[in-house]
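Everything below concerns the one structure shown next.
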Amino acid sequence: MSEIREYGYQELRNFFQENWKYIELQDSAGNPIIRLGVGDSRVTWVHSAGSQTLSLQIVVTGVDVGATASTPKEFAKSAIFNVASGGQPISVEDFAENDVTVFSNADSKLTHKHDLQVPRIV
């Protein structure tokens, strides 16, 4: 069996960043709340070049998701996709118990980083 070299891992990281462009916030049951792509100003890759951990960050407000006292929104998971709608999640990250967030008004704000780790050979 052959071994992937550092160049191969970097190629994988590049592929992920170029093709896995959508992040979705979900409730605890995995129901979608909002999915945005890297072309949206609220979504950015926030890792250093060459880092073994790729981090896609999303920032949303209660206005973005229609949160009100009568229609609160609970954020408990994030998922990465390679398509703007539908499709299968490539990666799903459950929020830590103390990071689950509930919006009950338009002023609420959430900043979340979804991390993908690709080994780095040194």
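Every chain in the structure tokens has a letter given in the order shown (A, B, ...), and although residue numbers restart at 1 in each chain, ligands are simply numbered from 1 in the order shown.
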
Could you list, as an MDAnalysis selection string, every residue within 9 Å of Lys113 (chain A), counting only C-alpha atoms and ignoring same-chain residues fewer than 6 positions away? chainID A and resid 45:46 55:59 78

Within 10 Å of Leu54 (chain A) using only C-alpha atoms, minus same-chain residues under 3 positions, as an MDAnalysis selection string: chainID A and resid 13:14 16:17 45:51 57 113:118

Selection file, C-alpha atoms, as a PDB file, in the first residue's frame:
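out28.pdb written:
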```pdb
ATOM      1  CA  ARG A  13      -7.087  20.616   1.170  1.00  0.00           C
ATOM      2  CA  ASN A  14      -7.112  22.731  -2.011  1.00  0.00           C
ATOM      3  CA  PHE A  16     -12.003  20.807  -0.403  1.00  0.00           C
ATOM      4  CA  GLN A  17     -11.675  24.582  -0.275  1.00  0.00           C
ATOM      5  CA  TRP A  45     -12.608  30.500   4.966  1.00  0.00           C
ATOM      6  CA  VAL A  46     -10.660  31.644   8.045  1.00  0.00           C
ATOM      7  CA  HIS A  47      -7.649  29.337   8.249  1.00  0.00           C
ATOM      8  CA  SER A  48      -4.020  30.009   7.392  1.00  0.00           C
ATOM      9  CA  ALA A  49      -2.716  28.840   4.004  1.00  0.00           C
ATOM     10  CA  GLY A  50      -1.355  25.308   4.252  1.00  0.00           C
ATOM     11  CA  SER A  51      -3.010  24.656   7.631  1.00  0.00           C
ATOM     12  CA  GLN A  57     -16.970  30.495   9.238  1.00  0.00           C
ATOM     13  CA  LYS A 113     -16.553  27.934  12.595  1.00  0.00           C
ATOM     14  CA  HIS A 114     -16.878  24.477  11.043  1.00  0.00           C
ATOM     15  CA  ASP A 115     -13.483  22.761  11.122  1.00  0.00           C
ATOM     16  CA  LEU A 116     -12.269  20.087   8.704  1.00  0.00           C
ATOM     17  CA  GLN A 117      -8.992  18.394   9.548  1.00  0.00           C
ATOM     18  CA  VAL A 118      -6.752  17.015   6.798  1.00  0.00           C
TER      19      VAL A 118
END
```

If we count only C-alpha atoms and set the cut-off at 9 Å, which residues sit around region 63-76 of chain A, ignoring sequence neighbours fewer than 3 positions away in its own chain? Please answer as a list in words. Leu25, Gln26, Asp27, Ser28, Ala29, Gly30, Ile33, Ile34, Val60, Glu93, Asp94, Phe95, Ala96, Glu97, Asp99, Val100, Thr101, Val102, Phe103, Ser104, Asn105, Ala106, Asp107, Ser108 and Leu110 of chain A

Given only C-alpha atoms as the basis, pick out the residue of A:Ala84, A:Ser91, A:Gln52, A:Arg42 nearest to Glu6 (chain A). A:Gln52

Between A:Glu24, A:Gly37, A:Thr111, A:Pro119, which residue has the minimum interatomic distance to Gln88 (chain A), considering only C-alpha atoms? A:Glu24

Which of these residues is nearest to Val92 (chain A), using only C-alpha atoms: A:Leu12, A:Ile23, A:Glu3, A:Val38?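 Comparing A:Leu12, A:Ile23, A:Glu3, A:Val38 against Val92 (chain A), the winner is A:Ile23.
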
From chain A, collect each residue whose DSSP state is strand (DSSP E or B) and return the set as a VMD selection string. chain A and resid 22 to 26 32 to 37 43 to 45 53 to 61 73 to 75 77 to 81 91 to 94 101 to 103 109 to 117

Restricted to C-alpha atoms, what would the selected residues look like written as a PDB file, in the first residue's frame?
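Written out: part21.pdb:
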```
ATOM      1  CA  TYR A  22     -21.614  25.750   1.320  1.00  0.00           C
ATOM      2  CA  ILE A  23     -22.252  25.719   5.037  1.00  0.00           C
ATOM      3  CA  GLU A  24     -25.637  25.014   6.556  1.00  0.00           C
ATOM      4  CA  LEU A  25     -26.783  25.658  10.098  1.00  0.00           C
ATOM      5  CA  GLN A  26     -29.206  23.074  11.474  1.00  0.00           C
ATOM      6  CA  PRO A  32     -31.831  22.989   7.880  1.00  0.00           C
ATOM      7  CA  ILE A  33     -32.202  26.575   9.051  1.00  0.00           C
ATOM      8  CA  ILE A  34     -29.998  28.432   6.565  1.00  0.00           C
ATOM      9  CA  ARG A  35     -27.404  27.442   3.926  1.00  0.00           C
ATOM     10  CA  LEU A  36     -24.981  29.988   2.530  1.00  0.00           C
ATOM     11  CA  GLY A  37     -22.063  29.801   0.123  1.00  0.00           C
ATOM     12  CA  VAL A  43     -19.276  33.081   4.913  1.00  0.00           C
ATOM     13  CA  THR A  44     -15.475  32.962   4.763  1.00  0.00           C
ATOM     14  CA  TRP A  45     -12.608  30.500   4.966  1.00  0.00           C
ATOM     15  CA  THR A  53      -7.404  22.368   9.691  1.00  0.00           C
ATOM     16  CA  LEU A  54      -9.682  24.108   7.212  1.00  0.00           C
ATOM     17  CA  SER A  55     -12.187  26.425   8.920  1.00  0.00           C
ATOM     18  CA  LEU A  56     -15.320  27.722   7.214  1.00  0.00           C
ATOM     19  CA  GLN A  57     -16.970  30.495   9.238  1.00  0.00           C
ATOM     20  CA  ILE A  58     -20.567  31.655   9.062  1.00  0.00           C
ATOM     21  CA  VAL A  59     -22.094  34.696  10.768  1.00  0.00           C
ATOM     22  CA  VAL A  60     -25.884  35.039  10.931  1.00  0.00           C
ATOM     23  CA  THR A  61     -28.375  37.229  12.764  1.00  0.00           C
ATOM     24  CA  LYS A  73     -34.518  29.235  15.980  1.00  0.00           C
ATOM     25  CA  GLU A  74     -32.206  26.714  17.661  1.00  0.00           C
ATOM     26  CA  PHE A  75     -28.743  26.170  16.179  1.00  0.00           C
ATOM     27  CA  LYS A  77     -25.218  21.615  14.092  1.00  0.00           C
ATOM     28  CA  SER A  78     -23.394  22.770  11.011  1.00  0.00           C
ATOM     29  CA  ALA A  79     -22.904  20.858   7.773  1.00  0.00           C
ATOM     30  CA  ILE A  80     -20.697  21.321   4.723  1.00  0.00           C
ATOM     31  CA  PHE A  81     -22.069  20.751   1.220  1.00  0.00           C
ATOM     32  CA  SER A  91     -19.276  16.832   6.959  1.00  0.00           C
ATOM     33  CA  VAL A  92     -21.566  17.406   9.955  1.00  0.00           C
ATOM     34  CA  GLU A  93     -20.399  18.988  13.192  1.00  0.00           C
ATOM     35  CA  ASP A  94     -22.535  18.902  16.345  1.00  0.00           C
ATOM     36  CA  THR A 101     -27.722  28.753  20.493  1.00  0.00           C
ATOM     37  CA  VAL A 102     -31.363  29.863  20.404  1.00  0.00           C
ATOM     38  CA  PHE A 103     -32.415  33.029  18.599  1.00  0.00           C
ATOM     39  CA  LYS A 109     -26.122  36.938  16.362  1.00  0.00           C
ATOM     40  CA  LEU A 110     -24.126  33.725  15.893  1.00  0.00           C
ATOM     41  CA  THR A 111     -20.572  33.258  14.628  1.00  0.00           C
ATOM     42  CA  HIS A 112     -19.653  29.623  14.033  1.00  0.00           C
ATOM     43  CA  LYS A 113     -16.553  27.934  12.595  1.00  0.00           C
ATOM     44  CA  HIS A 114     -16.878  24.477  11.043  1.00  0.00           C
ATOM     45  CA  ASP A 115     -13.483  22.761  11.122  1.00  0.00           C
ATOM     46  CA  LEU A 116     -12.269  20.087   8.704  1.00  0.00           C
ATOM     47  CA  GLN A 117      -8.992  18.394   9.548  1.00  0.00           C
TER      48      GLN A 117
END
```

Can you check which residues of chain A DSSP gives as alpha helix (DSSP H) on the backbone and send them as a PyMOL selection string? chain A and resi 6-19+62-65

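Atom to atom, CA of Asn82 (chain A) and CA of Trp20 (chain A) stand 4.4 Å apart.
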
State, in Å with one decimal place, the distance from CA of Lys21 (chain A) to CA of Ile90 (chain A).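 CA of Ile90 (chain A) lies at a distance of 10.8 Å from CA of Lys21 (chain A).
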